[in-house]
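S.K.: Input: one structure, supplied below.
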Amino acid sequence: MTDAAPTPAQNAPSADAPELNVNGPDFAALVAARLCHDFISPASAIVSGLDLLEDPSAQDMREDAMSLISSSARKLADLLQFTRVAFGASASAENFDSRELEKLAQGVFAHVRPTMDWAIPPSTLNKASARAILNIAQIAASALPAGGKATLRAVAADGRVAITADAVGPRARLRPEVLAGLKGEALAEGLGGPWVQAAYLNALVRAAGGQVGVELGEDKVSLAAWVPA
């Protein structure tokens, strides 16, 4: 997949797909659960480190405890900053510098096995493009459980921004519920956390007047979206 925008056929839900209601309380609850899941691991690790520091019988592990607290606090801060733009309103900002988006995406990739190649030139991107890029980046990272590299690209032309991510690595894959979310289908089975981010991406891109697409290959997952510039 190149910088070309996805075709409608790549994104069309099946005729018998359950209706997706992104405005309902259940969807909001799944988003909240997803974010809590992301935050609870580093937060719990910080608490575990503090418990070790306070344990008189574990003073020989003080250095390990401080290292655990430091790395976990950094991960939590990276995730919070990422989430603020990817899922939140990010104050009143309507446009984002692609270099700042790169820092946010790198903050996520710093704590997972795959690496990221940010092939997006310095530019100013609107909110819909920024959110789409970040969510696509995180989904691409999750598609590489055994490591690999995700290459992110975004090209503005003809009044729209075309975004692509090529995730290449051993056993590259997307969960069935992620594929359903990318197609705008309701969650039928599987885990709600992976599904809700994909469904959120589909919803925000469509609300902006764009489309989302995905292609699966051997050891490769390609994601694409376009939104009005």
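Residue numbers start at 1 in each chain; chains themselves are named A, B, ... in the order of the structure tokens; ligands are numbered from 1 in the order shown.
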Taking the DSSP secondary structure from the backbone, can you list the residues of range 1-154 of chain A that are helix (DSSP H, G or I), as number ranges by chain?
M.R.: A: 8-11, 25-54, 56-86, 98-109, 127-142
S.K.: Write out as a PDB file with C-alpha atoms, in the first residue's frame each polymer residue whose atoms come within 12 Å of Glu63 in chain A, counting only C-alpha atoms; drop sequence neighbours fewer than 6 positions from it.
M.R.:
ATOM      1  CA  GLY A  49       8.047   0.191  43.560  1.00  0.00           C
ATOM      2  CA  LEU A  50       6.885   2.448  46.384  1.00  0.00           C
ATOM      3  CA  LEU A  52       9.433  -1.961  48.018  1.00  0.00           C
ATOM      4  CA  LEU A  53      10.938   1.330  49.161  1.00  0.00           C
ATOM      5  CA  ILE A  69       9.263   3.673  39.531  1.00  0.00           C
ATOM      6  CA  SER A  70      11.226   5.761  37.024  1.00  0.00           C
TER       7      SER A  70
END
S.K.: Identify, on the basis of only C-alpha atoms, every residue whose closest approach to range 122-135 of chain A does not exceed 6 Å; exclude the query and any residue fewer than 4 positions from it along the same chain; express the result as a list in words.
M.R.: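 Everything that qualifies: Ala86, Glu94, Asn95, Phe96, Asp97 and Ser98 of chain A.
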S.K.: Selection from above, all heavy atoms, as an mmCIF file, in the first residue's frame, can you write it?
M.R.:
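Once written, part18.cif looks like this:
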data_model
loop_
_atom_site.group_PDB
_atom_site.id
_atom_site.type_symbol
_atom_site.label_atom_id
_atom_site.label_comp_id
_atom_site.auth_asym_id
_atom_site.auth_seq_id
_atom_site.Cartn_x
_atom_site.Cartn_y
_atom_site.Cartn_z
ATOM 1 N N ALA A 86 -4.786 11.780 20.997
ATOM 2 C CA ALA A 86 -5.382 10.695 20.215
ATOM 3 C C ALA A 86 -6.856 10.484 20.529
ATOM 4 O O ALA A 86 -7.656 10.191 19.632
ATOM 5 C CB ALA A 86 -4.611 9.395 20.454
ATOM 6 N N GLU A 94 -6.692 23.155 17.319
ATOM 7 C CA GLU A 94 -7.325 22.664 16.096
ATOM 8 C C GLU A 94 -6.300 22.180 15.082
ATOM 9 O O GLU A 94 -6.641 21.468 14.139
ATOM 10 C CB GLU A 94 -8.184 23.762 15.473
ATOM 11 C CG GLU A 94 -9.405 24.135 16.303
ATOM 12 C CD GLU A 94 -10.390 22.980 16.447
ATOM 13 O OE1 GLU A 94 -10.451 22.135 15.533
ATOM 14 O OE2 GLU A 94 -11.084 22.920 17.470
ATOM 15 N N ASN A 95 -5.036 22.580 15.263
ATOM 16 C CA ASN A 95 -3.969 22.176 14.349
ATOM 17 C C ASN A 95 -2.761 21.711 15.153
ATOM 18 O O ASN A 95 -2.518 22.184 16.265
ATOM 19 C CB ASN A 95 -3.572 23.349 13.439
ATOM 20 C CG ASN A 95 -4.704 23.760 12.520
ATOM 21 O OD1 ASN A 95 -5.073 23.045 11.599
ATOM 22 N ND2 ASN A 95 -5.277 24.934 12.780
ATOM 23 N N PHE A 96 -2.003 20.779 14.562
ATOM 24 C CA PHE A 96 -0.890 20.164 15.264
ATOM 25 C C PHE A 96 0.336 20.105 14.356
ATOM 26 O O PHE A 96 0.221 19.831 13.160
ATOM 27 C CB PHE A 96 -1.258 18.755 15.721
ATOM 28 C CG PHE A 96 -2.377 18.724 16.721
ATOM 29 C CD1 PHE A 96 -3.705 18.743 16.292
ATOM 30 C CD2 PHE A 96 -2.121 18.692 18.073
ATOM 31 C CE1 PHE A 96 -4.748 18.722 17.208
ATOM 32 C CE2 PHE A 96 -3.156 18.674 18.990
ATOM 33 C CZ PHE A 96 -4.470 18.686 18.566
ATOM 34 N N ASP A 97 1.493 20.334 14.952
ATOM 35 C CA ASP A 97 2.762 20.208 14.252
ATOM 36 C C ASP A 97 3.094 18.719 14.155
ATOM 37 O O ASP A 97 3.084 18.012 15.165
ATOM 38 C CB ASP A 97 3.851 20.960 15.025
ATOM 39 C CG ASP A 97 5.156 21.049 14.256
ATOM 40 O OD1 ASP A 97 5.542 20.064 13.587
ATOM 41 O OD2 ASP A 97 5.818 22.105 14.338
ATOM 42 N N SER A 98 3.408 18.248 12.961
ATOM 43 C CA SER A 98 3.703 16.829 12.783
ATOM 44 C C SER A 98 4.897 16.385 13.619
ATOM 45 O O SER A 98 4.991 15.220 14.022
ATOM 46 C CB SER A 98 3.959 16.511 11.304
ATOM 47 O OG SER A 98 5.101 17.208 10.828
#
S.K.: Choose the residue, out of A:Cys36, A:Leu223, A:Val196, A:Leu187, that has the smallest atom-to-atom separation from Ala143 in chain A; count only C-alpha atoms.
M.R.: A:Leu223
S.K.: Would you mind listing what lies within 9 Å of Ala141 in chain A as a ChimeraX atom specification, with only C-alpha atoms counted and same-chain residues fewer than 5 positions away left out?
M.R.: /A:108-109,112-116,136,147-150,167
S.K.: Would you write out those residues with all heavy atoms, as a PDB file, in the first residue's frame?
M.R.:
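Wrote it out as selection29.pdb, contents follow:
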ATOM      1  N   VAL A 108       4.848   6.117  22.631  1.00  0.00           N
ATOM      2  CA  VAL A 108       4.176   4.817  22.686  1.00  0.00           C
ATOM      3  C   VAL A 108       5.127   3.708  22.247  1.00  0.00           C
ATOM      4  O   VAL A 108       5.235   2.663  22.900  1.00  0.00           O
ATOM      5  CB  VAL A 108       2.910   4.826  21.802  1.00  0.00           C
ATOM      6  CG1 VAL A 108       2.353   3.415  21.643  1.00  0.00           C
ATOM      7  CG2 VAL A 108       1.858   5.736  22.408  1.00  0.00           C
ATOM      8  N   PHE A 109       5.833   3.914  21.142  1.00  0.00           N
ATOM      9  CA  PHE A 109       6.731   2.878  20.628  1.00  0.00           C
ATOM     10  C   PHE A 109       7.926   2.634  21.541  1.00  0.00           C
ATOM     11  O   PHE A 109       8.557   1.577  21.459  1.00  0.00           O
ATOM     12  CB  PHE A 109       7.208   3.250  19.219  1.00  0.00           C
ATOM     13  CG  PHE A 109       6.264   2.838  18.133  1.00  0.00           C
ATOM     14  CD1 PHE A 109       5.183   3.636  17.789  1.00  0.00           C
ATOM     15  CD2 PHE A 109       6.442   1.654  17.443  1.00  0.00           C
ATOM     16  CE1 PHE A 109       4.297   3.255  16.797  1.00  0.00           C
ATOM     17  CE2 PHE A 109       5.569   1.260  16.440  1.00  0.00           C
ATOM     18  CZ  PHE A 109       4.494   2.065  16.117  1.00  0.00           C
ATOM     19  N   VAL A 112       7.139  -0.640  23.584  1.00  0.00           N
ATOM     20  CA  VAL A 112       6.694  -1.869  22.928  1.00  0.00           C
ATOM     21  C   VAL A 112       7.852  -2.449  22.125  1.00  0.00           C
ATOM     22  O   VAL A 112       8.898  -1.811  21.958  1.00  0.00           O
ATOM     23  CB  VAL A 112       5.484  -1.610  22.002  1.00  0.00           C
ATOM     24  CG1 VAL A 112       4.263  -1.195  22.824  1.00  0.00           C
ATOM     25  CG2 VAL A 112       5.809  -0.545  20.956  1.00  0.00           C
ATOM     26  N   ARG A 113       7.676  -3.651  21.610  1.00  0.00           N
ATOM     27  CA  ARG A 113       8.763  -4.340  20.909  1.00  0.00           C
ATOM     28  C   ARG A 113       9.069  -3.748  19.537  1.00  0.00           C
ATOM     29  O   ARG A 113      10.238  -3.612  19.166  1.00  0.00           O
ATOM     30  CB  ARG A 113       8.442  -5.828  20.790  1.00  0.00           C
ATOM     31  CG  ARG A 113       8.353  -6.545  22.121  1.00  0.00           C
ATOM     32  CD  ARG A 113       8.176  -8.036  21.952  1.00  0.00           C
ATOM     33  NE  ARG A 113       9.359  -8.661  21.369  1.00  0.00           N
ATOM     34  CZ  ARG A 113       9.467  -9.957  21.128  1.00  0.00           C
ATOM     35  NH1 ARG A 113       8.455 -10.768  21.398  1.00  0.00           N
ATOM     36  NH2 ARG A 113      10.562 -10.447  20.611  1.00  0.00           N
ATOM     37  N   PRO A 114       8.069  -3.438  18.702  1.00  0.00           N
ATOM     38  CA  PRO A 114       8.382  -2.906  17.368  1.00  0.00           C
ATOM     39  C   PRO A 114       8.940  -1.482  17.421  1.00  0.00           C
ATOM     40  O   PRO A 114       8.802  -0.778  18.424  1.00  0.00           O
ATOM     41  CB  PRO A 114       7.026  -2.938  16.647  1.00  0.00           C
ATOM     42  CG  PRO A 114       6.014  -2.884  17.740  1.00  0.00           C
ATOM     43  CD  PRO A 114       6.610  -3.643  18.890  1.00  0.00           C
ATOM     44  N   THR A 115       9.562  -1.073  16.338  1.00  0.00           N
ATOM     45  CA  THR A 115      10.081   0.276  16.190  1.00  0.00           C
ATOM     46  C   THR A 115       9.226   1.034  15.178  1.00  0.00           C
ATOM     47  O   THR A 115       8.413   0.442  14.466  1.00  0.00           O
ATOM     48  CB  THR A 115      11.535   0.270  15.720  1.00  0.00           C
ATOM     49  OG1 THR A 115      11.624  -0.413  14.444  1.00  0.00           O
ATOM     50  CG2 THR A 115      12.430  -0.451  16.719  1.00  0.00           C
ATOM     51  N   MET A 116       9.428   2.338  15.127  1.00  0.00           N
ATOM     52  CA  MET A 116       8.636   3.167  14.217  1.00  0.00           C
ATOM     53  C   MET A 116       9.550   3.985  13.316  1.00  0.00           C
ATOM     54  O   MET A 116      10.553   4.537  13.765  1.00  0.00           O
ATOM     55  CB  MET A 116       7.732   4.113  15.021  1.00  0.00           C
ATOM     56  CG  MET A 116       6.841   4.985  14.134  1.00  0.00           C
ATOM     57  SD  MET A 116       5.868   6.195  15.077  1.00  0.00           S
ATOM     58  CE  MET A 116       7.145   7.377  15.525  1.00  0.00           C
ATOM     59  N   ILE A 136      -3.752   5.306  14.254  1.00  0.00           N
ATOM     60  CA  ILE A 136      -3.209   4.354  13.294  1.00  0.00           C
ATOM     61  C   ILE A 136      -1.836   3.872  13.748  1.00  0.00           C
ATOM     62  O   ILE A 136      -1.511   2.680  13.639  1.00  0.00           O
ATOM     63  CB  ILE A 136      -3.144   4.988  11.888  1.00  0.00           C
ATOM     64  CG1 ILE A 136      -4.555   5.054  11.284  1.00  0.00           C
ATOM     65  CG2 ILE A 136      -2.214   4.195  10.963  1.00  0.00           C
ATOM     66  CD1 ILE A 136      -4.628   5.811   9.976  1.00  0.00           C
ATOM     67  N   GLY A 147       7.488  -7.977  17.337  1.00  0.00           N
ATOM     68  CA  GLY A 147       8.458  -6.981  16.896  1.00  0.00           C
ATOM     69  C   GLY A 147       8.403  -6.754  15.400  1.00  0.00           C
ATOM     70  O   GLY A 147       7.664  -7.418  14.672  1.00  0.00           O
ATOM     71  N   GLY A 148       9.171  -5.798  14.948  1.00  0.00           N
ATOM     72  CA  GLY A 148       9.166  -5.415  13.546  1.00  0.00           C
ATOM     73  C   GLY A 148       9.239  -3.906  13.430  1.00  0.00           C
ATOM     74  O   GLY A 148       9.702  -3.226  14.354  1.00  0.00           O
ATOM     75  N   LYS A 149       8.764  -3.365  12.338  1.00  0.00           N
ATOM     76  CA  LYS A 149       8.818  -1.917  12.119  1.00  0.00           C
ATOM     77  C   LYS A 149       7.533  -1.439  11.484  1.00  0.00           C
ATOM     78  O   LYS A 149       7.009  -2.050  10.555  1.00  0.00           O
ATOM     79  CB  LYS A 149      10.012  -1.536  11.233  1.00  0.00           C
ATOM     80  CG  LYS A 149      10.148  -0.029  11.029  1.00  0.00           C
ATOM     81  CD  LYS A 149      11.451   0.328  10.330  1.00  0.00           C
ATOM     82  CE  LYS A 149      11.451  -0.073   8.879  1.00  0.00           C
ATOM     83  NZ  LYS A 149      12.657   0.432   8.165  1.00  0.00           N
ATOM     84  N   ALA A 150       7.031  -0.325  12.005  1.00  0.00           N
ATOM     85  CA  ALA A 150       5.855   0.326  11.433  1.00  0.00           C
ATOM     86  C   ALA A 150       6.300   1.630  10.787  1.00  0.00           C
ATOM     87  O   ALA A 150       6.915   2.471  11.444  1.00  0.00           O
ATOM     88  CB  ALA A 150       4.812   0.589  12.507  1.00  0.00           C
ATOM     89  N   ALA A 167       2.943  -2.008   8.739  1.00  0.00           N
ATOM     90  CA  ALA A 167       3.522  -2.732   9.867  1.00  0.00           C
ATOM     91  C   ALA A 167       4.078  -4.055   9.351  1.00  0.00           C
ATOM     92  O   ALA A 167       3.319  -4.919   8.900  1.00  0.00           O
ATOM     93  CB  ALA A 167       2.455  -2.981  10.929  1.00  0.00           C
TER      94      ALA A 167
END
S.K.: So what do you get for CA of Leu76 in chain A versus CA of Pro42 in chain A, distance-wise?
M.R.: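 CA of Pro42 in chain A lies at a distance of 5.7 Å from CA of Leu76 in chain A.
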S.K.: Determine which residues of chain A DSSP labels as strand (DSSP E or B) from the backbone of this structure, then write them out as a PyMOL selection string.
M.R.: chain A and resi 95-97+115-118+124-126+149-157+160-168+211-217+220-228
S.K.: Would you kindly return, as a PyMOL selection string, each protein, DNA or RNA residue with an atom no farther than 8 Å from any atom of Leu179 in chain A, considering only C-alpha atoms and excluding same-chain residues fewer than 5 positions away?
M.R.: chain A and resi 174+195+198
S.K.: Using N, CA, C and O atoms, can you export the residues from the last selection as an mmCIF file, in the first residue's frame?
M.R.:
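Output file part_20.cif follows:
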data_model
loop_
_atom_site.group_PDB
_atom_site.id
_atom_site.type_symbol
_atom_site.label_atom_id
_atom_site.label_comp_id
_atom_site.auth_asym_id
_atom_site.auth_seq_id
_atom_site.Cartn_x
_atom_site.Cartn_y
_atom_site.Cartn_z
ATOM 1 N N LEU A 174 -3.829 -8.564 12.778
ATOM 2 C CA LEU A 174 -4.822 -7.777 13.499
ATOM 3 C C LEU A 174 -5.870 -8.724 14.055
ATOM 4 O O LEU A 174 -6.294 -9.660 13.371
ATOM 5 N N TRP A 195 -11.040 -3.498 20.001
ATOM 6 C CA TRP A 195 -12.103 -3.115 19.076
ATOM 7 C C TRP A 195 -12.427 -1.636 19.170
ATOM 8 O O TRP A 195 -12.580 -0.957 18.147
ATOM 9 N N ALA A 198 -10.221 0.819 17.244
ATOM 10 C CA ALA A 198 -10.433 0.721 15.792
ATOM 11 C C ALA A 198 -11.764 1.349 15.405
ATOM 12 O O ALA A 198 -11.857 2.056 14.389
#
S.K.: Between A:Ala203, A:Ala73, A:Met61, A:Ala28, single out the one closest to Ser41 in chain A, counting only C-alpha atoms.
M.R.: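 Closest to Ser41 in chain A of all the choices is A:Ala73.
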S.K.: With only C-alpha atoms as the atoms that count, which of A:Val227, A:Arg160, A:Gln81, A:Trp118 lies nearest to Arg99 in chain A?
M.R.: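 For Arg99 in chain A, the nearest of the given residues is A:Trp118.
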S.K.: With a distance cut-off of 12 Å and only C-alpha atoms, select the neighbouring residues of Val22 in chain A, excluding the residue or stretch itself and same-chain residues fewer than 2 positions from it, and output the selection as an mmCIF file with N, CA, C and O atoms, in the first residue's frame.
M.R.:
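Result file is out_18.cif:
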data_model
loop_
_atom_site.group_PDB
_atom_site.id
_atom_site.type_symbol
_atom_site.label_atom_id
_atom_site.label_comp_id
_atom_site.auth_asym_id
_atom_site.auth_seq_id
_atom_site.Cartn_x
_atom_site.Cartn_y
_atom_site.Cartn_z
ATOM 1 N N GLU A 19 -25.380 -2.802 14.036
ATOM 2 C CA GLU A 19 -25.248 -1.350 13.949
ATOM 3 C C GLU A 19 -24.296 -0.823 15.021
ATOM 4 O O GLU A 19 -24.367 -1.229 16.182
ATOM 5 N N LEU A 20 -23.414 0.068 14.630
ATOM 6 C CA LEU A 20 -22.445 0.656 15.556
ATOM 7 C C LEU A 20 -22.963 1.999 16.039
ATOM 8 O O LEU A 20 -23.205 2.905 15.242
ATOM 9 N N GLY A 24 -23.507 6.204 22.070
ATOM 10 C CA GLY A 24 -24.175 5.613 23.216
ATOM 11 C C GLY A 24 -23.264 5.452 24.418
ATOM 12 O O GLY A 24 -22.034 5.513 24.305
ATOM 13 N N PRO A 25 -23.851 5.224 25.601
ATOM 14 C CA PRO A 25 -23.058 5.073 26.822
ATOM 15 C C PRO A 25 -22.167 3.841 26.807
ATOM 16 O O PRO A 25 -21.100 3.844 27.428
ATOM 17 N N ASP A 26 -22.575 2.786 26.121
ATOM 18 C CA ASP A 26 -21.752 1.578 26.081
ATOM 19 C C ASP A 26 -20.421 1.844 25.378
ATOM 20 O O ASP A 26 -19.379 1.324 25.786
ATOM 21 N N PHE A 27 -20.469 2.635 24.304
ATOM 22 C CA PHE A 27 -19.233 2.949 23.583
ATOM 23 C C PHE A 27 -18.307 3.786 24.465
ATOM 24 O O PHE A 27 -17.106 3.531 24.545
ATOM 25 N N ALA A 28 -18.871 4.778 25.149
ATOM 26 C CA ALA A 28 -18.075 5.609 26.050
ATOM 27 C C ALA A 28 -17.459 4.763 27.160
ATOM 28 O O ALA A 28 -16.298 4.968 27.547
ATOM 29 N N ALA A 29 -18.222 3.789 27.671
ATOM 30 C CA ALA A 29 -17.711 2.920 28.723
ATOM 31 C C ALA A 29 -16.549 2.072 28.214
ATOM 32 O O ALA A 29 -15.562 1.851 28.937
ATOM 33 N N LEU A 30 -16.630 1.608 26.971
ATOM 34 C CA LEU A 30 -15.549 0.804 26.402
ATOM 35 C C LEU A 30 -14.292 1.642 26.176
ATOM 36 O O LEU A 30 -13.171 1.167 26.375
ATOM 37 N N VAL A 31 -14.470 2.898 25.757
ATOM 38 C CA VAL A 31 -13.316 3.788 25.607
ATOM 39 C C VAL A 31 -12.645 4.001 26.966
ATOM 40 O O VAL A 31 -11.416 3.917 27.101
ATOM 41 N N GLY A 181 -13.862 -3.330 13.960
ATOM 42 C CA GLY A 181 -13.917 -1.913 14.309
ATOM 43 C C GLY A 181 -13.495 -1.015 13.167
ATOM 44 O O GLY A 181 -14.099 0.040 12.937
ATOM 45 N N GLY A 184 -16.203 -0.376 10.892
ATOM 46 C CA GLY A 184 -17.373 0.294 11.443
ATOM 47 C C GLY A 184 -18.436 -0.662 11.926
ATOM 48 O O GLY A 184 -19.609 -0.285 12.053
ATOM 49 N N GLU A 185 -18.044 -1.894 12.219
ATOM 50 C CA GLU A 185 -18.985 -2.892 12.698
ATOM 51 C C GLU A 185 -18.987 -2.920 14.222
ATOM 52 O O GLU A 185 -17.963 -2.681 14.868
ATOM 53 N N ALA A 186 -20.137 -3.243 14.801
ATOM 54 C CA ALA A 186 -20.246 -3.362 16.256
ATOM 55 C C ALA A 186 -19.465 -4.579 16.738
ATOM 56 O O ALA A 186 -19.177 -5.513 15.976
ATOM 57 N N LEU A 187 -19.123 -4.570 18.025
ATOM 58 C CA LEU A 187 -18.394 -5.682 18.621
ATOM 59 C C LEU A 187 -19.324 -6.869 18.791
ATOM 60 O O LEU A 187 -20.314 -6.802 19.524
ATOM 61 N N VAL A 196 -12.520 -1.099 20.382
ATOM 62 C CA VAL A 196 -13.041 0.254 20.530
ATOM 63 C C VAL A 196 -12.101 1.295 19.925
ATOM 64 O O VAL A 196 -12.554 2.305 19.381
ATOM 65 N N GLN A 197 -10.789 1.062 19.974
ATOM 66 C CA GLN A 197 -9.888 2.019 19.337
ATOM 67 C C GLN A 197 -10.069 2.007 17.827
ATOM 68 O O GLN A 197 -10.092 3.073 17.191
ATOM 69 N N ALA A 198 -10.221 0.819 17.244
ATOM 70 C CA ALA A 198 -10.433 0.721 15.792
ATOM 71 C C ALA A 198 -11.764 1.349 15.405
ATOM 72 O O ALA A 198 -11.857 2.056 14.389
ATOM 73 N N ALA A 199 -12.797 1.111 16.204
ATOM 74 C CA ALA A 199 -14.109 1.699 15.918
ATOM 75 C C ALA A 199 -14.069 3.209 16.086
ATOM 76 O O ALA A 199 -14.711 3.951 15.328
ATOM 77 N N TYR A 200 -13.327 3.681 17.081
ATOM 78 C CA TYR A 200 -13.167 5.125 17.294
ATOM 79 C C TYR A 200 -12.465 5.765 16.098
ATOM 80 O O TYR A 200 -12.865 6.829 15.622
ATOM 81 N N LEU A 201 -11.408 5.105 15.606
ATOM 82 C CA LEU A 201 -10.702 5.608 14.430
ATOM 83 C C LEU A 201 -11.645 5.706 13.243
ATOM 84 O O LEU A 201 -11.685 6.726 12.547
ATOM 85 N N ASN A 202 -12.416 4.656 13.003
ATOM 86 C CA ASN A 202 -13.373 4.665 11.906
ATOM 87 C C ASN A 202 -14.371 5.801 12.064
ATOM 88 O O ASN A 202 -14.673 6.519 11.106
ATOM 89 N N ALA A 203 -14.872 5.989 13.298
ATOM 90 C CA ALA A 203 -15.894 7.007 13.541
ATOM 91 C C ALA A 203 -15.358 8.414 13.347
ATOM 92 O O ALA A 203 -16.011 9.269 12.738
ATOM 93 N N LEU A 204 -14.148 8.684 13.869
ATOM 94 C CA LEU A 204 -13.626 10.050 13.759
ATOM 95 C C LEU A 204 -13.269 10.398 12.318
ATOM 96 O O LEU A 204 -13.465 11.540 11.875
ATOM 97 N N ARG A 206 -14.695 9.080 9.574
ATOM 98 C CA ARG A 206 -15.942 9.234 8.829
ATOM 99 C C ARG A 206 -16.645 10.544 9.200
ATOM 100 O O ARG A 206 -17.256 11.192 8.343
ATOM 101 N N ALA A 207 -16.575 10.930 10.468
ATOM 102 C CA ALA A 207 -17.191 12.188 10.889
ATOM 103 C C ALA A 207 -16.538 13.376 10.194
ATOM 104 O O ALA A 207 -17.182 14.399 9.946
#
S.K.: Expressed in Å to a single decimal, how great is the separation between CA of Leu79 in chain A and CA of Leu144 in chain A?
M.R.: 18.4 Å
S.K.: May I ask which of the residues A:Ala165, A:Glu189, A:Arg171, A:Lys75 is the closest one to Ala146 in chain A, counting only C-alpha atoms?
M.R.: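 Selected residue with least distance to Ala146 in chain A: A:Arg171.
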S.K.: Which value, in Å to one decimal, gives the distance between CA of Thr83 in chain A and CA of Asp38 in chain A?
M.R.: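 Between CA of Thr83 in chain A and CA of Asp38 in chain A the gap is 9.8 Å.
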S.K.: Between A:Asp158, A:Glu100, A:Asp55, A:Glu177, which has the minimum distance to Ile120 in chain A (counting only C-alpha atoms)?
M.R.: A:Glu100
